[in-house]
$ cat my_file02.txt   # compact mmCIF, N, CA and C atoms
# COMPACT_ATOMS: atom_id res chain seq x y z
N MET A 692 256.81 13.44 78.44
CA MET A 692 257.86 12.88 79.29
C MET A 692 258.66 14.03 79.89
N LYS A 693 258.74 14.02 81.18
CA LYS A 693 259.54 15.02 81.87
C LYS A 693 261.00 14.58 81.81
N ASN A 694 261.86 15.45 81.28
CA ASN A 694 263.25 15.02 81.14
C ASN A 694 264.24 15.95 81.84
N ARG A 695 263.76 16.67 82.80
CA ARG A 695 264.63 17.55 83.60
C ARG A 695 264.08 17.64 85.01
N ILE A 696 264.97 17.96 85.92
CA ILE A 696 264.54 18.31 87.28
C ILE A 696 264.98 19.74 87.49
N VAL A 697 264.08 20.54 87.99
CA VAL A 697 264.40 21.92 88.32
C VAL A 697 264.45 22.02 89.83
N TRP A 698 265.58 22.48 90.36
CA TRP A 698 265.71 22.63 91.80
C TRP A 698 264.70 23.65 92.29
N SER A 699 264.01 23.30 93.35
CA SER A 699 263.03 24.21 93.94
C SER A 699 263.00 24.01 95.45
N ALA A 700 262.35 24.92 96.13
CA ALA A 700 262.24 24.83 97.59
C ALA A 700 261.57 23.54 98.01
N GLY A 701 260.69 23.01 97.17
CA GLY A 701 260.00 21.76 97.50
C GLY A 701 260.92 20.56 97.58
N LEU A 702 262.11 20.69 97.05
CA LEU A 702 263.07 19.59 97.08
C LEU A 702 264.03 19.67 98.26
N THR A 703 263.96 20.74 99.02
CA THR A 703 264.89 20.86 100.15
C THR A 703 264.45 19.96 101.30
N THR A 704 265.44 19.42 101.97
CA THR A 704 265.18 18.56 103.12
C THR A 704 265.43 19.30 104.44
N GLY A 705 266.22 20.35 104.36
CA GLY A 705 266.61 21.06 105.58
C GLY A 705 267.99 20.64 106.07
N ASN A 706 268.57 19.63 105.46
CA ASN A 706 269.93 19.22 105.78
C ASN A 706 270.83 19.75 104.66
N ARG A 707 271.67 20.71 105.00
CA ARG A 707 272.47 21.41 103.98
C ARG A 707 273.33 20.47 103.15
N ALA A 708 274.01 19.53 103.78
CA ALA A 708 274.88 18.61 103.04
C ALA A 708 274.08 17.78 102.05
N ILE A 709 272.97 17.25 102.51
CA ILE A 709 272.14 16.43 101.63
C ILE A 709 271.54 17.27 100.51
N ASP A 710 271.08 18.47 100.84
CA ASP A 710 270.51 19.34 99.80
C ASP A 710 271.54 19.70 98.74
N LEU A 711 272.76 19.99 99.15
CA LEU A 711 273.82 20.31 98.18
C LEU A 711 274.12 19.10 97.29
N GLN A 712 274.12 17.93 97.89
CA GLN A 712 274.37 16.72 97.11
C GLN A 712 273.21 16.44 96.16
N HIS A 713 271.99 16.68 96.62
CA HIS A 713 270.84 16.51 95.72
C HIS A 713 270.94 17.46 94.53
N ALA A 714 271.36 18.68 94.78
CA ALA A 714 271.52 19.65 93.68
C ALA A 714 272.55 19.14 92.66
N GLU A 715 273.61 18.54 93.16
CA GLU A 715 274.63 17.98 92.25
C GLU A 715 274.06 16.78 91.48
N LEU A 716 273.31 15.92 92.14
CA LEU A 716 272.68 14.79 91.46
C LEU A 716 271.73 15.27 90.36
N ILE A 717 270.99 16.31 90.67
CA ILE A 717 270.08 16.89 89.68
C ILE A 717 270.86 17.39 88.47
N GLU A 718 271.97 18.04 88.72
CA GLU A 718 272.79 18.53 87.60
C GLU A 718 273.33 17.38 86.76
N LEU A 719 273.73 16.29 87.40
CA LEU A 719 274.24 15.13 86.66
C LEU A 719 273.14 14.49 85.81
N ILE A 720 271.94 14.40 86.35
CA ILE A 720 270.82 13.86 85.58
C ILE A 720 270.45 14.80 84.44
N ASN A 721 270.44 16.09 84.72
CA ASN A 721 270.14 17.06 83.67
C ASN A 721 271.21 17.05 82.57
N ALA A 722 272.45 16.73 82.93
CA ALA A 722 273.50 16.62 81.91
C ALA A 722 273.19 15.45 80.98
N LEU A 723 272.69 14.35 81.53
CA LEU A 723 272.26 13.24 80.69
C LEU A 723 271.10 13.67 79.80
N ALA A 724 270.17 14.42 80.36
CA ALA A 724 269.02 14.89 79.59
C ALA A 724 269.46 15.77 78.43
N ARG A 725 270.48 16.59 78.66
CA ARG A 725 270.97 17.46 77.58
C ARG A 725 271.56 16.66 76.42
N LEU A 726 272.07 15.47 76.71
CA LEU A 726 272.60 14.63 75.64
C LEU A 726 271.50 14.25 74.64
N ILE A 727 270.28 14.13 75.11
CA ILE A 727 269.17 13.77 74.23
C ILE A 727 269.03 14.79 73.11
N GLU A 728 269.33 16.04 73.42
CA GLU A 728 269.15 17.12 72.44
C GLU A 728 270.33 17.25 71.48
N THR A 729 271.34 16.42 71.63
CA THR A 729 272.52 16.48 70.78
C THR A 729 272.70 15.14 70.08
N ARG A 730 273.72 15.08 69.26
CA ARG A 730 274.06 13.81 68.62
C ARG A 730 275.03 13.08 69.55
N TYR A 731 274.47 12.49 70.56
CA TYR A 731 275.29 11.87 71.60
C TYR A 731 275.81 10.51 71.16
N THR A 732 276.94 10.13 71.74
CA THR A 732 277.55 8.83 71.46
C THR A 732 277.40 7.93 72.68
N ILE A 733 277.59 6.67 72.45
CA ILE A 733 277.55 5.70 73.55
C ILE A 733 278.62 6.05 74.58
N VAL A 734 279.77 6.49 74.12
CA VAL A 734 280.86 6.87 75.04
C VAL A 734 280.40 8.01 75.96
N GLU A 735 279.72 9.00 75.40
CA GLU A 735 279.22 10.12 76.22
C GLU A 735 278.18 9.65 77.23
N ILE A 736 277.29 8.77 76.79
CA ILE A 736 276.26 8.26 77.69
C ILE A 736 276.91 7.46 78.82
N MET A 737 277.83 6.57 78.47
CA MET A 737 278.49 5.75 79.49
C MET A 737 279.27 6.61 80.47
N SER A 738 279.95 7.61 79.95
CA SER A 738 280.71 8.51 80.82
C SER A 738 279.78 9.24 81.79
N ALA A 739 278.67 9.74 81.29
CA ALA A 739 277.71 10.45 82.15
C ALA A 739 277.09 9.50 83.17
N LEU A 740 276.76 8.28 82.76
CA LEU A 740 276.20 7.30 83.70
C LEU A 740 277.21 6.91 84.76
N GLN A 741 278.46 6.75 84.38
CA GLN A 741 279.50 6.40 85.35
C GLN A 741 279.73 7.53 86.35
N GLN A 742 279.72 8.75 85.86
CA GLN A 742 279.87 9.90 86.74
C GLN A 742 278.68 9.96 87.72
N LEU A 743 277.48 9.76 87.21
CA LEU A 743 276.29 9.73 88.06
C LEU A 743 276.40 8.61 89.08
N GLU A 744 276.81 7.44 88.64
CA GLU A 744 276.93 6.29 89.53
C GLU A 744 277.92 6.56 90.67
N ARG A 745 279.07 7.14 90.35
CA ARG A 745 280.06 7.46 91.40
C ARG A 745 279.48 8.44 92.42
N TYR A 746 278.81 9.46 91.91
CA TYR A 746 278.27 10.47 92.83
C TYR A 746 277.11 9.90 93.65
N VAL A 747 276.30 9.05 93.04
CA VAL A 747 275.20 8.41 93.76
C VAL A 747 275.75 7.60 94.93
N LEU A 748 276.81 6.86 94.70
CA LEU A 748 277.40 6.05 95.79
C LEU A 748 277.90 6.95 96.92
N PHE A 749 278.55 8.05 96.57
CA PHE A 749 279.01 9.01 97.57
C PHE A 749 277.80 9.56 98.35
N HIS A 750 276.77 9.96 97.63
CA HIS A 750 275.59 10.54 98.28
C HIS A 750 274.88 9.51 99.17
N PHE A 751 274.68 8.31 98.66
CA PHE A 751 274.01 7.28 99.46
C PHE A 751 274.82 6.98 100.72
N ASN A 752 276.14 7.00 100.62
CA ASN A 752 276.98 6.80 101.79
C ASN A 752 276.74 7.89 102.82
N THR A 753 276.58 9.14 102.36
CA THR A 753 276.29 10.25 103.27
C THR A 753 274.99 10.00 104.01
N GLU A 754 273.95 9.64 103.28
CA GLU A 754 272.65 9.39 103.91
C GLU A 754 272.71 8.20 104.86
N GLU A 755 273.40 7.15 104.46
CA GLU A 755 273.48 5.95 105.30
C GLU A 755 274.29 6.22 106.56
N ASN A 756 275.31 7.07 106.47
CA ASN A 756 276.04 7.48 107.67
C ASN A 756 275.16 8.30 108.59
N LEU A 757 274.35 9.17 108.02
CA LEU A 757 273.40 9.96 108.81
C LEU A 757 272.44 9.03 109.56
N MET A 758 271.94 8.03 108.87
CA MET A 758 271.04 7.08 109.52
C MET A 758 271.74 6.28 110.62
N ALA A 759 272.98 5.89 110.35
CA ALA A 759 273.73 5.10 111.34
C ALA A 759 274.00 5.90 112.60
N ASN A 760 274.11 7.22 112.47
CA ASN A 760 274.39 8.08 113.61
C ASN A 760 273.14 8.67 114.24
N SER A 761 271.99 8.16 113.83
CA SER A 761 270.71 8.64 114.37
C SER A 761 270.01 7.49 115.06
N ARG A 762 269.00 7.86 115.80
CA ARG A 762 268.22 6.83 116.48
C ARG A 762 266.89 6.63 115.75
N ILE A 763 266.98 6.42 114.45
CA ILE A 763 265.74 6.22 113.71
C ILE A 763 265.44 4.73 113.59
N SER A 764 264.23 4.44 113.28
CA SER A 764 263.74 3.07 113.20
C SER A 764 264.58 2.21 112.26
N PRO A 765 264.98 1.02 112.73
CA PRO A 765 265.71 0.11 111.85
C PRO A 765 264.90 -0.23 110.59
N LEU A 766 263.58 -0.25 110.70
CA LEU A 766 262.74 -0.52 109.55
C LEU A 766 262.88 0.59 108.50
N HIS A 767 262.91 1.84 108.96
CA HIS A 767 263.12 2.96 108.02
C HIS A 767 264.49 2.82 107.35
N VAL A 768 265.50 2.53 108.13
CA VAL A 768 266.86 2.38 107.60
C VAL A 768 266.87 1.28 106.54
N LEU A 769 266.26 0.14 106.84
CA LEU A 769 266.23 -0.98 105.91
C LEU A 769 265.54 -0.60 104.60
N ARG A 770 264.39 0.05 104.70
CA ARG A 770 263.66 0.46 103.49
C ARG A 770 264.47 1.47 102.68
N HIS A 771 265.11 2.39 103.37
CA HIS A 771 265.89 3.43 102.70
C HIS A 771 267.11 2.82 102.00
N VAL A 772 267.82 1.97 102.69
CA VAL A 772 269.01 1.32 102.11
C VAL A 772 268.58 0.42 100.94
N ASP A 773 267.47 -0.28 101.08
CA ASP A 773 266.97 -1.11 99.97
C ASP A 773 266.69 -0.25 98.74
N ALA A 774 266.09 0.92 98.94
CA ALA A 774 265.82 1.83 97.82
C ALA A 774 267.13 2.25 97.15
N HIS A 775 268.13 2.54 97.96
CA HIS A 775 269.44 2.91 97.42
C HIS A 775 270.02 1.77 96.58
N GLN A 776 269.96 0.55 97.12
CA GLN A 776 270.52 -0.60 96.41
C GLN A 776 269.77 -0.86 95.11
N ASP A 777 268.45 -0.74 95.14
CA ASP A 777 267.65 -0.94 93.92
C ASP A 777 268.03 0.08 92.86
N PHE A 778 268.21 1.33 93.27
CA PHE A 778 268.57 2.39 92.32
C PHE A 778 269.95 2.11 91.73
N SER A 779 270.90 1.73 92.57
CA SER A 779 272.25 1.43 92.08
C SER A 779 272.23 0.27 91.09
N LYS A 780 271.43 -0.76 91.39
CA LYS A 780 271.31 -1.90 90.47
C LYS A 780 270.69 -1.46 89.14
N GLN A 781 269.74 -0.54 89.21
CA GLN A 781 269.11 -0.06 87.98
C GLN A 781 270.11 0.68 87.10
N ILE A 782 270.98 1.47 87.70
CA ILE A 782 272.01 2.16 86.92
C ILE A 782 272.93 1.13 86.25
N GLU A 783 273.29 0.09 86.99
CA GLU A 783 274.12 -0.97 86.40
C GLU A 783 273.41 -1.63 85.23
N THR A 784 272.12 -1.88 85.38
CA THR A 784 271.33 -2.47 84.30
C THR A 784 271.34 -1.57 83.07
N PHE A 785 271.17 -0.27 83.28
CA PHE A 785 271.22 0.67 82.16
C PHE A 785 272.55 0.57 81.43
N LYS A 786 273.63 0.51 82.17
CA LYS A 786 274.96 0.49 81.57
C LYS A 786 275.18 -0.76 80.73
N LEU A 787 274.50 -1.85 81.05
CA LEU A 787 274.67 -3.11 80.33
C LEU A 787 273.71 -3.26 79.15
N ASP A 788 272.76 -2.36 79.04
CA ASP A 788 271.73 -2.46 78.01
C ASP A 788 272.33 -2.26 76.62
N GLN A 789 272.07 -3.20 75.74
CA GLN A 789 272.58 -3.14 74.37
C GLN A 789 271.92 -2.03 73.55
N ASN A 790 270.75 -1.56 74.00
CA ASN A 790 270.02 -0.50 73.30
C ASN A 790 270.11 0.83 74.04
N LEU A 791 271.19 1.01 74.74
CA LEU A 791 271.37 2.20 75.56
C LEU A 791 271.14 3.49 74.77
N HIS A 792 271.65 3.53 73.59
CA HIS A 792 271.55 4.73 72.76
C HIS A 792 270.09 5.13 72.53
N SER A 793 269.26 4.19 72.14
CA SER A 793 267.86 4.51 71.84
C SER A 793 267.01 4.66 73.09
N LYS A 794 267.47 4.13 74.20
CA LYS A 794 266.68 4.18 75.43
C LYS A 794 267.00 5.38 76.33
N LEU A 795 267.93 6.22 75.91
CA LEU A 795 268.33 7.34 76.77
C LEU A 795 267.15 8.19 77.24
N PRO A 796 266.18 8.53 76.40
CA PRO A 796 265.05 9.31 76.91
C PRO A 796 264.29 8.59 78.04
N ASP A 797 264.11 7.29 77.91
CA ASP A 797 263.43 6.52 78.95
C ASP A 797 264.26 6.44 80.23
N ILE A 798 265.56 6.32 80.06
CA ILE A 798 266.47 6.27 81.21
C ILE A 798 266.41 7.58 81.98
N VAL A 799 266.49 8.68 81.25
CA VAL A 799 266.44 10.00 81.90
C VAL A 799 265.09 10.18 82.60
N ALA A 800 264.00 9.79 81.96
CA ALA A 800 262.68 9.91 82.59
C ALA A 800 262.63 9.11 83.89
N TYR A 801 263.20 7.90 83.89
CA TYR A 801 263.26 7.09 85.10
C TYR A 801 264.07 7.80 86.19
N LEU A 802 265.24 8.29 85.84
CA LEU A 802 266.11 8.96 86.81
C LEU A 802 265.43 10.19 87.41
N VAL A 803 264.79 10.98 86.56
CA VAL A 803 264.10 12.19 87.03
C VAL A 803 262.99 11.81 88.00
N GLU A 804 262.18 10.85 87.61
CA GLU A 804 261.06 10.45 88.47
C GLU A 804 261.54 9.84 89.78
N TRP A 805 262.53 8.94 89.69
CA TRP A 805 263.00 8.27 90.90
C TRP A 805 263.60 9.28 91.88
N LEU A 806 264.49 10.13 91.39
CA LEU A 806 265.15 11.07 92.30
C LEU A 806 264.16 12.06 92.88
N SER A 807 263.27 12.58 92.06
CA SER A 807 262.27 13.53 92.57
C SER A 807 261.44 12.90 93.68
N ASN A 808 260.94 11.70 93.42
CA ASN A 808 260.12 11.02 94.43
C ASN A 808 260.93 10.68 95.67
N HIS A 809 262.16 10.22 95.47
CA HIS A 809 263.01 9.83 96.61
C HIS A 809 263.31 11.04 97.50
N ILE A 810 263.62 12.15 96.89
CA ILE A 810 263.91 13.36 97.67
C ILE A 810 262.66 13.82 98.41
N MET A 811 261.56 13.92 97.68
CA MET A 811 260.35 14.52 98.25
C MET A 811 259.67 13.63 99.29
N GLN A 812 259.96 12.36 99.26
CA GLN A 812 259.33 11.46 100.22
C GLN A 812 260.36 10.89 101.20
N THR A 813 261.16 9.98 100.72
CA THR A 813 262.07 9.23 101.58
C THR A 813 263.10 10.12 102.27
N ASP A 814 263.74 11.01 101.52
CA ASP A 814 264.80 11.83 102.12
C ASP A 814 264.24 12.91 103.03
N GLN A 815 263.13 13.51 102.66
CA GLN A 815 262.52 14.50 103.56
C GLN A 815 262.07 13.83 104.85
N GLU A 816 261.55 12.61 104.75
CA GLU A 816 261.17 11.86 105.95
C GLU A 816 262.41 11.54 106.79
N LEU A 817 263.48 11.14 106.14
CA LEU A 817 264.73 10.83 106.85
C LEU A 817 265.22 12.02 107.66
N VAL A 818 265.31 13.16 107.04
CA VAL A 818 265.82 14.35 107.73
C VAL A 818 264.87 14.75 108.87
N ALA A 819 263.57 14.65 108.64
CA ALA A 819 262.61 14.98 109.70
C ALA A 819 262.76 14.02 110.88
N LEU A 820 262.95 12.73 110.60
CA LEU A 820 263.14 11.76 111.68
C LEU A 820 264.44 12.03 112.43
N CYS A 821 265.50 12.34 111.71
CA CYS A 821 266.77 12.64 112.37
C CYS A 821 266.65 13.88 113.26
N ARG A 822 265.98 14.90 112.74
CA ARG A 822 265.79 16.13 113.49
C ARG A 822 264.95 15.85 114.75
N LYS A 823 263.89 15.08 114.59
CA LYS A 823 263.01 14.75 115.72
C LYS A 823 263.79 13.97 116.79
N ASN A 824 264.60 13.02 116.36
CA ASN A 824 265.35 12.22 117.33
C ASN A 824 266.44 13.02 118.03
N MET A 825 266.96 14.05 117.36
CA MET A 825 267.96 14.91 118.01
C MET A 825 267.31 15.78 119.08
N GLU A 826 266.05 16.14 118.86
CA GLU A 826 265.34 17.00 119.80
C GLU A 826 264.85 16.23 121.03
N SER A 827 264.65 14.93 120.89
CA SER A 827 264.11 14.16 122.02
C SER A 827 265.19 13.58 122.90
$ encode --input "my_file02.txt" --output "structure tokens"
Amino acid sequence: MKNRIVWSAGLTTGNRAIDLQHAELIELINALARLIETRYTIVEIMSALQQLERYVLFHFNTEENLMANSRISPLHVLRHVDAHQDFSKQIETFKLDQNLHSKLPDIVAYLVEWLSNHIMQTDQELVALCRKNMES
């Protein structure tokens, strides 16, 4: 199980604001991963999840504003926003889970996989589409 994300050039989108926010999201997820290696409490897990949730909302707002100010396909916007909403709902589900303590490794694995895939596919596509539309 992969339980960390390591920032690399492959994760850059070319949009400085988004890349900086992705780096912060990675750090927040890695902070959750570090809890696995300690005697973590439910309070620590909830605090870390809430911090992640707040930053995710800020970040998704940044991306959604970028899309709103671009001439990209409404279908792309819809798919992207749906992915954001699904991720936010998943974090809420984690927070309500009665077995949160024992499921932390699985939660971290989900977060690592989702964010890595989202950055490398959806967000890189978003920035490329925005850049292309600015040039045309």
$ residues_around --input "my_file02.txt" --residues "stretch 717-725 of chain A" --least-positions-apart "3" --cutoff "6.5 Å" --atoms "all atoms listed in the file" --output "ChimeraX atom specification"
/A:694-696,712-714,728-729,739,743,799
$ write_last_selection --input "my_file02.txt" --atoms "N, CA and C atoms" --output "JSON list (two decimals), keeping the file's coordinate frame"
[["chain", "number", "residue", "atom", "x", "y", "z"],
["A", 694, "ASN", "N", 261.86, 15.45, 81.28],
["A", 694, "ASN", "CA", 263.25, 15.02, 81.14],
["A", 694, "ASN", "C", 264.24, 15.95, 81.84],
["A", 695, "ARG", "N", 263.76, 16.67, 82.80],
["A", 695, "ARG", "CA", 264.63, 17.55, 83.60],
["A", 695, "ARG", "C", 264.08, 17.64, 85.01],
["A", 696, "ILE", "N", 264.97, 17.96, 85.92],
["A", 696, "ILE", "CA", 264.54, 18.31, 87.28],
["A", 696, "ILE", "C", 264.98, 19.74, 87.49],
["A", 712, "GLN", "N", 274.12, 17.93, 97.89],
["A", 712, "GLN", "CA", 274.37, 16.72, 97.11],
["A", 712, "GLN", "C", 273.21, 16.44, 96.16],
["A", 713, "HIS", "N", 271.99, 16.68, 96.62],
["A", 713, "HIS", "CA", 270.84, 16.51, 95.72],
["A", 713, "HIS", "C", 270.94, 17.46, 94.53],
["A", 714, "ALA", "N", 271.36, 18.68, 94.78],
["A", 714, "ALA", "CA", 271.52, 19.65, 93.68],
["A", 714, "ALA", "C", 272.55, 19.14, 92.66],
["A", 728, "GLU", "N", 269.33, 16.04, 73.42],
["A", 728, "GLU", "CA", 269.15, 17.12, 72.44],
["A", 728, "GLU", "C", 270.33, 17.25, 71.48],
["A", 729, "THR", "N", 271.34, 16.42, 71.63],
["A", 729, "THR", "CA", 272.52, 16.48, 70.78],
["A", 729, "THR", "C", 272.70, 15.14, 70.08],
["A", 739, "ALA", "N", 278.67, 9.74, 81.29],
["A", 739, "ALA", "CA", 277.71, 10.45, 82.15],
["A", 739, "ALA", "C", 277.09, 9.50, 83.17],
["A", 743, "LEU", "N", 277.48, 9.76, 87.21],
["A", 743, "LEU", "CA", 276.29, 9.73, 88.06],
["A", 743, "LEU", "C", 276.40, 8.61, 89.08],
["A", 799, "VAL", "N", 266.49, 8.68, 81.25],
["A", 799, "VAL", "CA", 266.44, 10.00, 81.90],
["A", 799, "VAL", "C", 265.09, 10.18, 82.60]]
$ atom_distance --input "my_file02.txt" --atom1 "atom N of A:Phe785" --atom2 "atom C of A:Val772"
17.9 Å
$ atom_distance --input "my_file02.txt" --atom1 "atom CA of A:Leu769" --atom2 "atom C of A:Gln741"
25.2 Å
$ select_by_dssp --input "my_file02.txt" --residues "stretch 725-777 of chain A" --states "helix (DSSP H, G or I)" --output "CSV table (one decimal) with N, CA and C atoms, in the coordinates of the input"
chain,number,residue,atom,x,y,z
A,725,ARG,N,270.5,16.6,78.7
A,725,ARG,CA,271.0,17.5,77.6
A,725,ARG,C,271.6,16.7,76.4
A,726,LEU,N,272.1,15.5,76.7
A,726,LEU,CA,272.6,14.6,75.6
A,726,LEU,C,271.5,14.2,74.6
A,727,ILE,N,270.3,14.1,75.1
A,727,ILE,CA,269.2,13.8,74.2
A,727,ILE,C,269.0,14.8,73.1
A,733,ILE,N,277.6,6.7,72.4
A,733,ILE,CA,277.6,5.7,73.6
A,733,ILE,C,278.6,6.0,74.6
A,734,VAL,N,279.8,6.5,74.1
A,734,VAL,CA,280.9,6.9,75.0
A,734,VAL,C,280.4,8.0,76.0
A,735,GLU,N,279.7,9.0,75.4
A,735,GLU,CA,279.2,10.1,76.2
A,735,GLU,C,278.2,9.6,77.2
A,736,ILE,N,277.3,8.8,76.8
A,736,ILE,CA,276.3,8.3,77.7
A,736,ILE,C,276.9,7.5,78.8
A,737,MET,N,277.8,6.6,78.5
A,737,MET,CA,278.5,5.8,79.5
A,737,MET,C,279.3,6.6,80.5
A,738,SER,N,280.0,7.6,80.0
A,738,SER,CA,280.7,8.5,80.8
A,738,SER,C,279.8,9.2,81.8
A,739,ALA,N,278.7,9.7,81.3
A,739,ALA,CA,277.7,10.4,82.2
A,739,ALA,C,277.1,9.5,83.2
A,740,LEU,N,276.8,8.3,82.8
A,740,LEU,CA,276.2,7.3,83.7
A,740,LEU,C,277.2,6.9,84.8
A,741,GLN,N,278.5,6.8,84.4
A,741,GLN,CA,279.5,6.4,85.4
A,741,GLN,C,279.7,7.5,86.4
A,742,GLN,N,279.7,8.8,85.9
A,742,GLN,CA,279.9,9.9,86.7
A,742,GLN,C,278.7,10.0,87.7
A,743,LEU,N,277.5,9.8,87.2
A,743,LEU,CA,276.3,9.7,88.1
A,743,LEU,C,276.4,8.6,89.1
A,744,GLU,N,276.8,7.4,88.6
A,744,GLU,CA,276.9,6.3,89.5
A,744,GLU,C,277.9,6.6,90.7
A,745,ARG,N,279.1,7.1,90.4
A,745,ARG,CA,280.1,7.5,91.4
A,745,ARG,C,279.5,8.4,92.4
A,746,TYR,N,278.8,9.5,91.9
A,746,TYR,CA,278.3,10.5,92.8
A,746,TYR,C,277.1,9.9,93.6
A,747,VAL,N,276.3,9.0,93.0
A,747,VAL,CA,275.2,8.4,93.8
A,747,VAL,C,275.8,7.6,94.9
A,748,LEU,N,276.8,6.9,94.7
A,748,LEU,CA,277.4,6.0,95.8
A,748,LEU,C,277.9,7.0,96.9
A,749,PHE,N,278.6,8.0,96.6
A,749,PHE,CA,279.0,9.0,97.6
A,749,PHE,C,277.8,9.6,98.4
A,750,HIS,N,276.8,10.0,97.6
A,750,HIS,CA,275.6,10.5,98.3
A,750,HIS,C,274.9,9.5,99.2
A,751,PHE,N,274.7,8.3,98.7
A,751,PHE,CA,274.0,7.3,99.5
A,751,PHE,C,274.8,7.0,100.7
A,752,ASN,N,276.1,7.0,100.6
A,752,ASN,CA,277.0,6.8,101.8
A,752,ASN,C,276.7,7.9,102.8
A,753,THR,N,276.6,9.1,102.4
A,753,THR,CA,276.3,10.2,103.3
A,753,THR,C,275.0,10.0,104.0
A,754,GLU,N,274.0,9.6,103.3
A,754,GLU,CA,272.6,9.4,103.9
A,754,GLU,C,272.7,8.2,104.9
A,755,GLU,N,273.4,7.2,104.5
A,755,GLU,CA,273.5,6.0,105.3
A,755,GLU,C,274.3,6.2,106.6
A,756,ASN,N,275.3,7.1,106.5
A,756,ASN,CA,276.0,7.5,107.7
A,756,ASN,C,275.2,8.3,108.6
A,757,LEU,N,274.4,9.2,108.0
A,757,LEU,CA,273.4,10.0,108.8
A,757,LEU,C,272.4,9.0,109.6
A,758,MET,N,271.9,8.0,108.9
A,758,MET,CA,271.0,7.1,109.5
A,758,MET,C,271.7,6.3,110.6
A,759,ALA,N,273.0,5.9,110.4
A,759,ALA,CA,273.7,5.1,111.3
A,759,ALA,C,274.0,5.9,112.6
A,765,PRO,N,265.0,1.0,112.7
A,765,PRO,CA,265.7,0.1,111.8
A,765,PRO,C,264.9,-0.2,110.6
A,766,LEU,N,263.6,-0.2,110.7
A,766,LEU,CA,262.7,-0.5,109.6
A,766,LEU,C,262.9,0.6,108.5
A,767,HIS,N,262.9,1.8,109.0
A,767,HIS,CA,263.1,3.0,108.0
A,767,HIS,C,264.5,2.8,107.4
A,768,VAL,N,265.5,2.5,108.1
A,768,VAL,CA,266.9,2.4,107.6
A,768,VAL,C,266.9,1.3,106.5
A,769,LEU,N,266.3,0.1,106.8
A,769,LEU,CA,266.2,-1.0,105.9
A,769,LEU,C,265.5,-0.6,104.6
A,770,ARG,N,264.4,0.0,104.7
A,770,ARG,CA,263.7,0.5,103.5
A,770,ARG,C,264.5,1.5,102.7
A,771,HIS,N,265.1,2.4,103.4
A,771,HIS,CA,265.9,3.4,102.7
A,771,HIS,C,267.1,2.8,102.0
A,772,VAL,N,267.8,2.0,102.7
A,772,VAL,CA,269.0,1.3,102.1
A,772,VAL,C,268.6,0.4,100.9
A,773,ASP,N,267.5,-0.3,101.1
A,773,ASP,CA,267.0,-1.1,100.0
A,773,ASP,C,266.7,-0.2,98.7
A,774,ALA,N,266.1,0.9,98.9
A,774,ALA,CA,265.8,1.8,97.8
A,774,ALA,C,267.1,2.2,97.2
A,775,HIS,N,268.1,2.5,98.0
A,775,HIS,CA,269.4,2.9,97.4
A,775,HIS,C,270.0,1.8,96.6
A,776,GLN,N,270.0,0.6,97.1
A,776,GLN,CA,270.5,-0.6,96.4
A,776,GLN,C,269.8,-0.9,95.1
A,777,ASP,N,268.4,-0.7,95.1
A,777,ASP,CA,267.6,-0.9,93.9
A,777,ASP,C,268.0,0.1,92.9
$ atom_distance --input "my_file02.txt" --atom1 "atom C of A:Thr784" --atom2 "atom N of A:Glu744"
11.9 Å
$ residues_around --input "my_file02.txt" --residues "stretch 750-752 of chain A" --least-positions-apart "3" --cutoff "8 Å" --atoms "all atoms listed in the file" --output "number ranges by chain"
A: 709, 712-713, 744-747, 755-758, 775
$ residues_around --input "my_file02.txt" --residues "stretch 819-822 of chain A" --least-positions-apart "5" --cutoff "7 Å" --atoms "only N, CA and C atoms" --output "ChimeraX atom specification"
/A:704,761-763,814,827
$ write_last_selection --input "my_file02.txt" --atoms "N, CA and C atoms" --output "JSON list (two decimals), in the frame of the given file"
[["chain", "number", "residue", "atom", "x", "y", "z"],
["A", 704, "THR", "N", 265.44, 19.42, 101.97],
["A", 704, "THR", "CA", 265.18, 18.56, 103.12],
["A", 704, "THR", "C", 265.43, 19.30, 104.44],
["A", 761, "SER", "N", 271.99, 8.16, 113.83],
["A", 761, "SER", "CA", 270.71, 8.64, 114.37],
["A", 761, "SER", "C", 270.01, 7.49, 115.06],
["A", 762, "ARG", "N", 269.00, 7.86, 115.80],
["A", 762, "ARG", "CA", 268.22, 6.83, 116.48],
["A", 762, "ARG", "C", 266.89, 6.63, 115.75],
["A", 763, "ILE", "N", 266.98, 6.42, 114.45],
["A", 763, "ILE", "CA", 265.74, 6.22, 113.71],
["A", 763, "ILE", "C", 265.44, 4.73, 113.59],
["A", 814, "ASP", "N", 263.74, 11.01, 101.52],
["A", 814, "ASP", "CA", 264.80, 11.83, 102.12],
["A", 814, "ASP", "C", 264.24, 12.91, 103.03],
["A", 827, "SER", "N", 264.65, 14.93, 120.89],
["A", 827, "SER", "CA", 264.11, 14.16, 122.02],
["A", 827, "SER", "C", 265.19, 13.58, 122.90]]
$ closest_residue --input "my_file02.txt" --among "A:Gln815, A:Gln781, A:Thr753, A:Asn824" --to "A:Ala700" --atoms "only C-alpha atoms"
A:Gln815
$ residues_around --input "my_file02.txt" --residues "A:Asn706" --least-positions-apart "4" --cutoff "9 Å" --atoms "only C-alpha atoms" --output "PyMOL selection string"
chain A and resi 710-711+818
$ residues_near_point --input "my_file02.txt" --point "(270.7, 9.8, 77.3)" --cutoff "5 Å" --atoms "only N, CA and C atoms" --output "ChimeraX atom specification"
/A:723,727,795-796
